[in-house]
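Novice: Handing you a structure now.
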Amino acid sequence: MNSKLDKNQIERFSRQIILKDIGTLGQKKIIQSRVLIIGMGGLGCPAAEFLTRAGVGFLGIIDSDNVEISNIHRQSLFDIKDLGESKVIAAKNKLKKINSKTKVNCYKIRLNETNYNQIIREYDYIVDGSDNFDTKFLVNDFCKKTKKFLVTGAISKFNGHIFSFDFKNKKTPCIRSFFQEKKISNDILNCEYEGVLGTAAGIIGIIQANEILKKILNIGKNLNGYILIIDLLNLSFRKVKLNKIKNV
């Protein structure tokens, strides 16, 4: 980490660099970080946008879908001109306009048991914005095995859940400690069935990005071992401890 920030970087990130918890050393850490975002939906879009604005140097984005009209109210990187376009390509085009120095790798795929290993291992920090439990459990298990830092989000109606897992700590519980049922309906994560307020998606996605930045910088308190439950209809915030379950 010997390379100096150039004049453009110092000016662009000046409002971050001036923070005593960040400075030039912290900004370099952000620029050299590698973050993977799984799902470019209501959570992945704001997370990707604000990580890019913060200066993350290497960003991977995964989604197999194309942009639909019903996405636009909550998926902040897309507009009417993107209809029918691959989400990851449309998102990359927007992100490059925000910060051309961020290298964005696109994966127009759906994560499964045959392709996840090769992709996830290239990144140090993982944002899970997926909308189904099969993917969430797959990502959780791999991050636990390889000791990756994982921030998982979920939204429904006016509510949001955020989990952070620092798997380098052996005492860290995982998402299976919260969702213990063997068969859970994906409908509770699917906006098509439950509905969701667009601002709820934006808020949860930005908090996910915030948790990643704090971990990169090693500052503040994180949610490791806890779940943050947000009810935006009644403006209620609760932090609940997760207990690690034996053999999970």
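We label chains A, B, ... in the order they appear in the structure tokens, count residues from 1 in each chain, and number ligands from 1 in the order shown.
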For the interface of stretch 107-130 of chain A with stretch 138-160 of chain A (cut-off 6 Å, counting only C-alpha atoms), please tabulate each contacting residue of stretch 107-130 of chain A alongside its nearest pair of atoms and their separation in Å to one decimal, rows sorted by chain and increasing number, as JSON lines.
Specialist:
{"residue": "A:Asp124", "atom": "CA", "partner": "A:Lys148", "partner_atom": "CA", "distance": 5.9}
{"residue": "A:Tyr125", "atom": "CA", "partner": "A:Phe149", "partner_atom": "CA", "distance": 5.1}
{"residue": "A:Ile126", "atom": "CA", "partner": "A:Leu150", "partner_atom": "CA", "distance": 4.8}
{"residue": "A:Val127", "atom": "CA", "partner": "A:Val151", "partner_atom": "CA", "distance": 5.0}
{"residue": "A:Asp128", "atom": "CA", "partner": "A:Thr152", "partner_atom": "CA", "distance": 4.6}
{"residue": "A:Gly129", "atom": "CA", "partner": "A:Gly153", "partner_atom": "CA", "distance": 5.7}
Novice: Please produce a file of the residues just selected, as an mmCIF file, in the first residue's frame, where the atoms kept are N, CA and C atoms.
Specialist:
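Heads up, here's the output in out32.cif:
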data_model
loop_
_atom_site.group_PDB
_atom_site.id
_atom_site.type_symbol
_atom_site.label_atom_id
_atom_site.label_comp_id
_atom_site.auth_asym_id
_atom_site.auth_seq_id
_atom_site.Cartn_x
_atom_site.Cartn_y
_atom_site.Cartn_z
ATOM 1 N N ASP A 124 -13.002 -10.522 -1.275
ATOM 2 C CA ASP A 124 -12.792 -10.577 0.169
ATOM 3 C C ASP A 124 -14.049 -10.247 0.963
ATOM 4 N N TYR A 125 -14.935 -9.449 0.373
ATOM 5 C CA TYR A 125 -16.138 -8.986 1.059
ATOM 6 C C TYR A 125 -17.342 -9.287 0.170
ATOM 7 N N ILE A 126 -18.390 -9.844 0.786
ATOM 8 C CA ILE A 126 -19.540 -10.296 0.013
ATOM 9 C C ILE A 126 -20.805 -9.600 0.500
ATOM 10 N N VAL A 127 -21.568 -9.048 -0.442
ATOM 11 C CA VAL A 127 -22.883 -8.477 -0.159
ATOM 12 C C VAL A 127 -23.927 -9.408 -0.771
ATOM 13 N N ASP A 128 -24.791 -9.956 0.074
ATOM 14 C CA ASP A 128 -25.846 -10.836 -0.418
ATOM 15 C C ASP A 128 -27.154 -10.057 -0.491
ATOM 16 N N GLY A 129 -27.590 -9.787 -1.725
ATOM 17 C CA GLY A 129 -28.869 -9.140 -1.955
ATOM 18 C C GLY A 129 -29.807 -10.046 -2.720
#
Novice: List the spatial neighbours of stretch 59-64 of chain A as an mmCIF file with C-alpha atoms, in the first residue's frame - criterion: any atom at most 7 Å away, only C-alpha atoms, same-chain residues fewer than 4 positions off excluded.
Specialist:
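Output saved as part-v5.cif:
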data_model
loop_
_atom_site.group_PDB
_atom_site.id
_atom_site.type_symbol
_atom_site.label_atom_id
_atom_site.label_comp_id
_atom_site.auth_asym_id
_atom_site.auth_seq_id
_atom_site.Cartn_x
_atom_site.Cartn_y
_atom_site.Cartn_z
ATOM 1 C CA ARG A 34 -12.527 -6.426 -3.651
ATOM 2 C CA VAL A 35 -16.292 -6.643 -3.098
ATOM 3 C CA LEU A 36 -18.810 -9.024 -4.672
ATOM 4 C CA ILE A 37 -22.507 -8.149 -4.824
ATOM 5 C CA ILE A 38 -24.932 -11.015 -5.357
ATOM 6 C CA GLY A 39 -28.199 -9.817 -6.892
ATOM 7 C CA MET A 40 -28.590 -6.462 -8.652
ATOM 8 C CA LYS A 87 -29.137 -5.934 -15.235
ATOM 9 C CA VAL A 88 -25.408 -6.397 -14.758
ATOM 10 C CA THR A 102 -13.764 1.167 -10.236
ATOM 11 C CA LYS A 103 -13.214 -2.073 -12.134
ATOM 12 C CA VAL A 104 -16.603 -3.778 -12.503
ATOM 13 C CA ASN A 105 -16.776 -7.480 -13.337
ATOM 14 C CA CYS A 106 -20.179 -8.685 -14.604
ATOM 15 C CA TYR A 107 -21.563 -12.178 -14.105
ATOM 16 C CA LYS A 108 -24.854 -12.699 -15.934
ATOM 17 C CA ILE A 109 -25.556 -15.971 -14.187
ATOM 18 C CA ARG A 110 -27.528 -17.424 -11.326
#
Novice: Taking only C-alpha atoms into account, name the residue in A:Ile175, A:Ile72, A:Ala200, A:Ile162 that is nearest to A:Phe137.
Specialist: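 For A:Phe137, the nearest of the given residues is A:Ile175.
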Novice: Report as a list of chain:residue names all protein, DNA and RNA residues lying within 7 Å of A:Thr52, evaluated on only C-alpha atoms, omitting residues in the same chain fewer than 2 positions from it.
Specialist: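 After dropping sequence-adjacent residues, the list is A:Ala48, A:Glu49, A:Phe50, A:Ala54, A:Gly55, A:Val56, A:Leu95, A:Asn99, A:Thr102.
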Novice: Just to be explicit: take each residue in the selection above, keep N, CA and C atoms, and write the result as an mmCIF file, in the first residue's frame.
Specialist:
data_model
loop_
_atom_site.group_PDB
_atom_site.id
_atom_site.type_symbol
_atom_site.label_atom_id
_atom_site.label_comp_id
_atom_site.auth_asym_id
_atom_site.auth_seq_id
_atom_site.Cartn_x
_atom_site.Cartn_y
_atom_site.Cartn_z
ATOM 1 N N ALA A 48 -24.148 -1.309 -4.560
ATOM 2 C CA ALA A 48 -23.133 -1.130 -5.600
ATOM 3 C C ALA A 48 -22.849 0.344 -5.850
ATOM 4 N N GLU A 49 -23.907 1.154 -5.899
ATOM 5 C CA GLU A 49 -23.732 2.585 -6.173
ATOM 6 C C GLU A 49 -22.865 3.251 -5.118
ATOM 7 N N PHE A 50 -23.172 3.023 -3.839
ATOM 8 C CA PHE A 50 -22.446 3.747 -2.797
ATOM 9 C C PHE A 50 -21.067 3.163 -2.522
ATOM 10 N N ALA A 54 -17.783 5.459 -2.976
ATOM 11 C CA ALA A 54 -16.777 5.498 -1.917
ATOM 12 C C ALA A 54 -15.378 5.207 -2.437
ATOM 13 N N GLY A 55 -15.295 4.595 -3.634
ATOM 14 C CA GLY A 55 -13.993 4.348 -4.241
ATOM 15 C C GLY A 55 -13.524 2.920 -4.255
ATOM 16 N N VAL A 56 -14.416 1.956 -3.947
ATOM 17 C CA VAL A 56 -14.017 0.548 -4.005
ATOM 18 C C VAL A 56 -13.393 0.250 -5.366
ATOM 19 N N LEU A 95 -22.459 2.588 -13.204
ATOM 20 C CA LEU A 95 -21.378 2.669 -12.227
ATOM 21 C C LEU A 95 -20.114 3.284 -12.825
ATOM 22 N N ASN A 99 -17.887 6.368 -11.254
ATOM 23 C CA ASN A 99 -16.460 6.286 -10.935
ATOM 24 C C ASN A 99 -15.792 5.352 -11.933
ATOM 25 N N THR A 102 -13.321 2.440 -10.812
ATOM 26 C CA THR A 102 -13.764 1.167 -10.236
ATOM 27 C C THR A 102 -13.861 0.119 -11.336
#
Novice: Using only C-alpha atoms, find the one residue out of A:Asn243, A:Asn132, A:Asn117, A:Thr199 that sits nearest to A:Arg176.
Specialist: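 Smallest separation from A:Arg176 among the options: A:Asn243.
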Novice: Write out as a PyMOL selection string all residues of stretch 29-63 of chain A that backbone DSSP assigns to strand (DSSP E).
Specialist: chain A and resi 34-38+58-62
Novice: Please produce a file of those selected residues containing C-alpha atoms, as a PDB file, in the first residue's frame.
Specialist:
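Saved the output as selection_35.pdb:
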ATOM      1  CA  ARG A  34     -12.527  -6.426  -3.651  1.00  0.00           C
ATOM      2  CA  VAL A  35     -16.292  -6.643  -3.098  1.00  0.00           C
ATOM      3  CA  LEU A  36     -18.810  -9.024  -4.672  1.00  0.00           C
ATOM      4  CA  ILE A  37     -22.507  -8.149  -4.824  1.00  0.00           C
ATOM      5  CA  ILE A  38     -24.932 -11.015  -5.357  1.00  0.00           C
ATOM      6  CA  PHE A  58     -12.801  -3.975  -7.613  1.00  0.00           C
ATOM      7  CA  LEU A  59     -16.514  -4.738  -7.756  1.00  0.00           C
ATOM      8  CA  GLY A  60     -18.166  -7.943  -8.922  1.00  0.00           C
ATOM      9  CA  ILE A  61     -21.892  -7.939  -9.683  1.00  0.00           C
ATOM     10  CA  ILE A  62     -24.017 -11.062 -10.214  1.00  0.00           C
TER      11      ILE A  62
END
Novice: From the options A:Asn112, A:Asn169, A:Ser100, A:Thr135, which residue's atoms come nearest to A:Gln9, counting only C-alpha atoms?
Specialist: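 Among the listed residues, the smallest separation from A:Gln9 belongs to A:Ser100.
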Novice: Considering only alpha helix (DSSP H) as DSSP defines it on the backbone, what residues of stretch 128-174 of chain A qualify? List them as a ChimeraX atom specification.
Specialist: /A:133-146
Novice: Could you work out how far atom CA of A:Asn115 lies from atom CA of A:Gly41, giving the answer in Å with one decimal?
Specialist: 20.3 Å
Novice: Against stretch 215-238 of chain A, which residues of stretch 17-115 of chain A fall within 8 Å? For each one I want the closest pair of atoms and the distance in Å (one decimal), counting only C-alpha atoms, rows by chain and increasing residue number, as a Markdown table.
Specialist:
| residue | atom | partner | partner_atom | distance |
| --- | --- | --- | --- | --- |
| A:Asp21 | CA | A:Ile219 | CA | 7.0 |
| A:Ile22 | CA | A:Leu217 | CA | 7.0 |
| A:Gly26 | CA | A:Leu217 | CA | 5.9 |
| A:Lys29 | CA | A:Ile216 | CA | 6.7 |
| A:Ile30 | CA | A:Ile216 | CA | 6.5 |
| A:Ser33 | CA | A:Ile216 | CA | 7.2 |
Novice: For those residues, write N, CA and C atoms to a file as a tab-separated table (two decimals), in the first residue's frame.
Specialist:
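For reference, out_4.tsv as written:
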chain	number	residue	atom	x	y	z
A	21	ASP	N	-11.19	8.79	11.08
A	21	ASP	CA	-11.20	7.32	11.04
A	21	ASP	C	-10.86	6.76	9.66
A	22	ILE	N	-10.70	7.63	8.67
A	22	ILE	CA	-10.39	7.17	7.32
A	22	ILE	C	-9.03	7.70	6.87
A	26	GLY	N	-6.87	4.99	4.95
A	26	GLY	CA	-8.16	4.32	4.83
A	26	GLY	C	-8.68	4.35	3.41
A	29	LYS	N	-7.15	1.72	1.40
A	29	LYS	CA	-7.74	0.41	1.69
A	29	LYS	C	-9.02	0.20	0.90
A	30	ILE	N	-9.83	1.25	0.82
A	30	ILE	CA	-11.08	1.17	0.05
A	30	ILE	C	-10.78	0.93	-1.42
A	33	SER	N	-9.80	-2.63	-2.21
A	33	SER	CA	-10.69	-3.69	-1.75
A	33	SER	C	-11.41	-4.37	-2.92
